[in-house]
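The next block holds one structure in the form of structure tokens; read it before the comments.
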Amino acid sequence: MAKAIDKLKELARTLTDDQRRLLREGLAGGGEIDPKSLAKSLRSLDTKAVLARLGPAVPPLKFKTAPRTRPASRGKPEIVTVDKASATLADVRRLVKKRSGRDLTSMSEVRVLDLDPSEVTEPILRKLASHDLTGASAGSRRFLRIEKPSMSTSIGDLGKAQEGEGGAATARLVIVIIVFGPIIIIIVANPPDPPPEEPPLTRW
């Protein structure tokens with residue numbers, strides 16, 4: 001209970017005066033809330049900053065001094081954005097072929113981990129694909145390595161496997177690093193599929 005109260009206090013300190021006024025009006029019976037004003041106020045809230053402040057403390061990202069293997073690619077990492085958790089590794093392979101013109105026929109492993117947005121930089125992504133994390137960094141980011149995964153494995157499946165090994169997701173991004181022979185593909189974010197649209201209610 002004490003931790004919950006502390007987090008609520010942290011959240012309260014991030015609100016603007018307008019947001020506090022709207023909450024007082026709505027929660028304390030001070031009058032009807034104007035939906036447009038409330039939406040505008042909520043949109044102005046820096047959600048990432050709030051989650052960062054409320055989230056658990058995470059040790060800095062650190063790597064072991066010796067690389068795990070030789071870098072799989074000497075060029076820039078291939079970054080593929082996937083907007084559906086149902087997308088499979090075969091779908092990702094097709095996207096990479098379309099973008100790079102190379103037919104990827106083999107996969108050695110998939111690596112999954114959580115990162116803060118500030119950590120999603122090319123040097124860090126490149127290092128993630130060729131170095132091992134320290135134990136503290138790997139554990140706090142729910143790091144998971146899967147060797148020779150099936151091409152029918154979906155991005156959502158990877159997220160479930162990660163949750164099974166490392167616990168529930170945090171506010172951080174999920175980065176999927178796929179090594180296809182000489183090419184490194186990095187998928188930034190592990191989005192859930194949107195819920196199916198419900199038909200509009202019919203008034204009788």
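The chains in the structure tokens are called A, B, ... from first to last as shown; in each chain the residues are counted from 1, and the ligands are counted from 1 in the order shown.
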Compile the contact shell of Leu89 of chain A as a list of chain:residue names: residues with an atom at most 6 Å away, counting only C-alpha atoms, same-chain residues fewer than 3 positions apart removed.
A:Val92, A:Met151, A:Thr153
Now that the selection is made, can you save its residues with N, CA and C atoms as an mmCIF file, in the first residue's frame?
```
data_model
loop_
_atom_site.group_PDB
_atom_site.id
_atom_site.type_symbol
_atom_site.label_atom_id
_atom_site.label_comp_id
_atom_site.auth_asym_id
_atom_site.auth_seq_id
_atom_site.Cartn_x
_atom_site.Cartn_y
_atom_site.Cartn_z
ATOM 1 N N VAL A 92 8.823 -11.299 -41.430
ATOM 2 C CA VAL A 92 9.955 -10.391 -41.279
ATOM 3 C C VAL A 92 10.998 -10.668 -42.357
ATOM 4 N N MET A 151 10.266 -20.568 -38.250
ATOM 5 C CA MET A 151 9.883 -19.400 -39.032
ATOM 6 C C MET A 151 8.420 -19.030 -38.812
ATOM 7 N N THR A 153 7.161 -18.761 -35.880
ATOM 8 C CA THR A 153 7.104 -18.047 -34.608
ATOM 9 C C THR A 153 6.720 -16.592 -34.858
#
```
Test item: residues at most 6 Å from Leu133 of chain A, only C-alpha atoms, excluding those fewer than 5 positions along its chain, as a PyMOL selection string
chain A and resi 63-64+138
Counting only C-alpha atoms, the option among A:Thr121, A:Thr170, A:Thr88, A:Thr16 closest to Ser140 of chain A
A:Thr170
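Comparing A:Lys76, A:Arg142, A:Lys148, A:Lys98 by their smallest distance to Ala168 of chain A, the closest is A:Arg142 (using only C-alpha atoms).
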Any idea what the distance is between atom CA of Ile79 of chain A and atom CA of Ser106 of chain A?
18.0 Å
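Here the question is which of A:Val96, A:Ile185, A:Ala85, A:Leu61 gets nearest to Phe143 of chain A using only C-alpha atoms, and that residue is A:Leu61.
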Can you list, as a ChimeraX atom specification, every protein, DNA or RNA residue that comes within 8 Å of Ile186 of chain A when you count only C-alpha atoms, leaving out same-chain residues fewer than 4 positions away?
/A:77-80,125,175-178
Dump as a PDB file, in the first residue's frame, selection limited to N, CA and C atoms:
```
ATOM      1  N   PRO A  77      22.844  -1.842 -39.002  1.00  0.00           N
ATOM      2  CA  PRO A  77      21.817  -2.867 -38.755  1.00  0.00           C
ATOM      3  C   PRO A  77      20.578  -2.586 -39.601  1.00  0.00           C
ATOM      4  N   GLU A  78      19.948  -3.624 -40.050  1.00  0.00           N
ATOM      5  CA  GLU A  78      18.693  -3.481 -40.794  1.00  0.00           C
ATOM      6  C   GLU A  78      17.574  -3.364 -39.781  1.00  0.00           C
ATOM      7  N   ILE A  79      16.853  -2.235 -39.785  1.00  0.00           N
ATOM      8  CA  ILE A  79      15.786  -2.007 -38.817  1.00  0.00           C
ATOM      9  C   ILE A  79      14.446  -2.173 -39.509  1.00  0.00           C
ATOM     10  N   VAL A  80      13.644  -3.081 -38.998  1.00  0.00           N
ATOM     11  CA  VAL A  80      12.330  -3.356 -39.564  1.00  0.00           C
ATOM     12  C   VAL A  80      11.281  -3.041 -38.514  1.00  0.00           C
ATOM     13  N   LEU A 125      22.379  -0.725 -30.526  1.00  0.00           N
ATOM     14  CA  LEU A 125      21.774  -1.828 -31.260  1.00  0.00           C
ATOM     15  C   LEU A 125      22.836  -2.696 -31.921  1.00  0.00           C
ATOM     16  N   ILE A 175      12.858  -4.901 -27.793  1.00  0.00           N
ATOM     17  CA  ILE A 175      13.645  -4.932 -29.017  1.00  0.00           C
ATOM     18  C   ILE A 175      13.905  -6.388 -29.381  1.00  0.00           C
ATOM     19  N   VAL A 176      13.573  -6.769 -30.594  1.00  0.00           N
ATOM     20  CA  VAL A 176      13.835  -8.116 -31.074  1.00  0.00           C
ATOM     21  C   VAL A 176      15.007  -8.047 -32.028  1.00  0.00           C
ATOM     22  N   ILE A 177      16.058  -8.774 -31.733  1.00  0.00           N
ATOM     23  CA  ILE A 177      17.231  -8.808 -32.599  1.00  0.00           C
ATOM     24  C   ILE A 177      17.294 -10.183 -33.255  1.00  0.00           C
ATOM     25  N   ILE A 178      17.272 -10.204 -34.575  1.00  0.00           N
ATOM     26  CA  ILE A 178      17.286 -11.453 -35.320  1.00  0.00           C
ATOM     27  C   ILE A 178      18.577 -11.530 -36.116  1.00  0.00           C
TER      28      ILE A 178
END
```
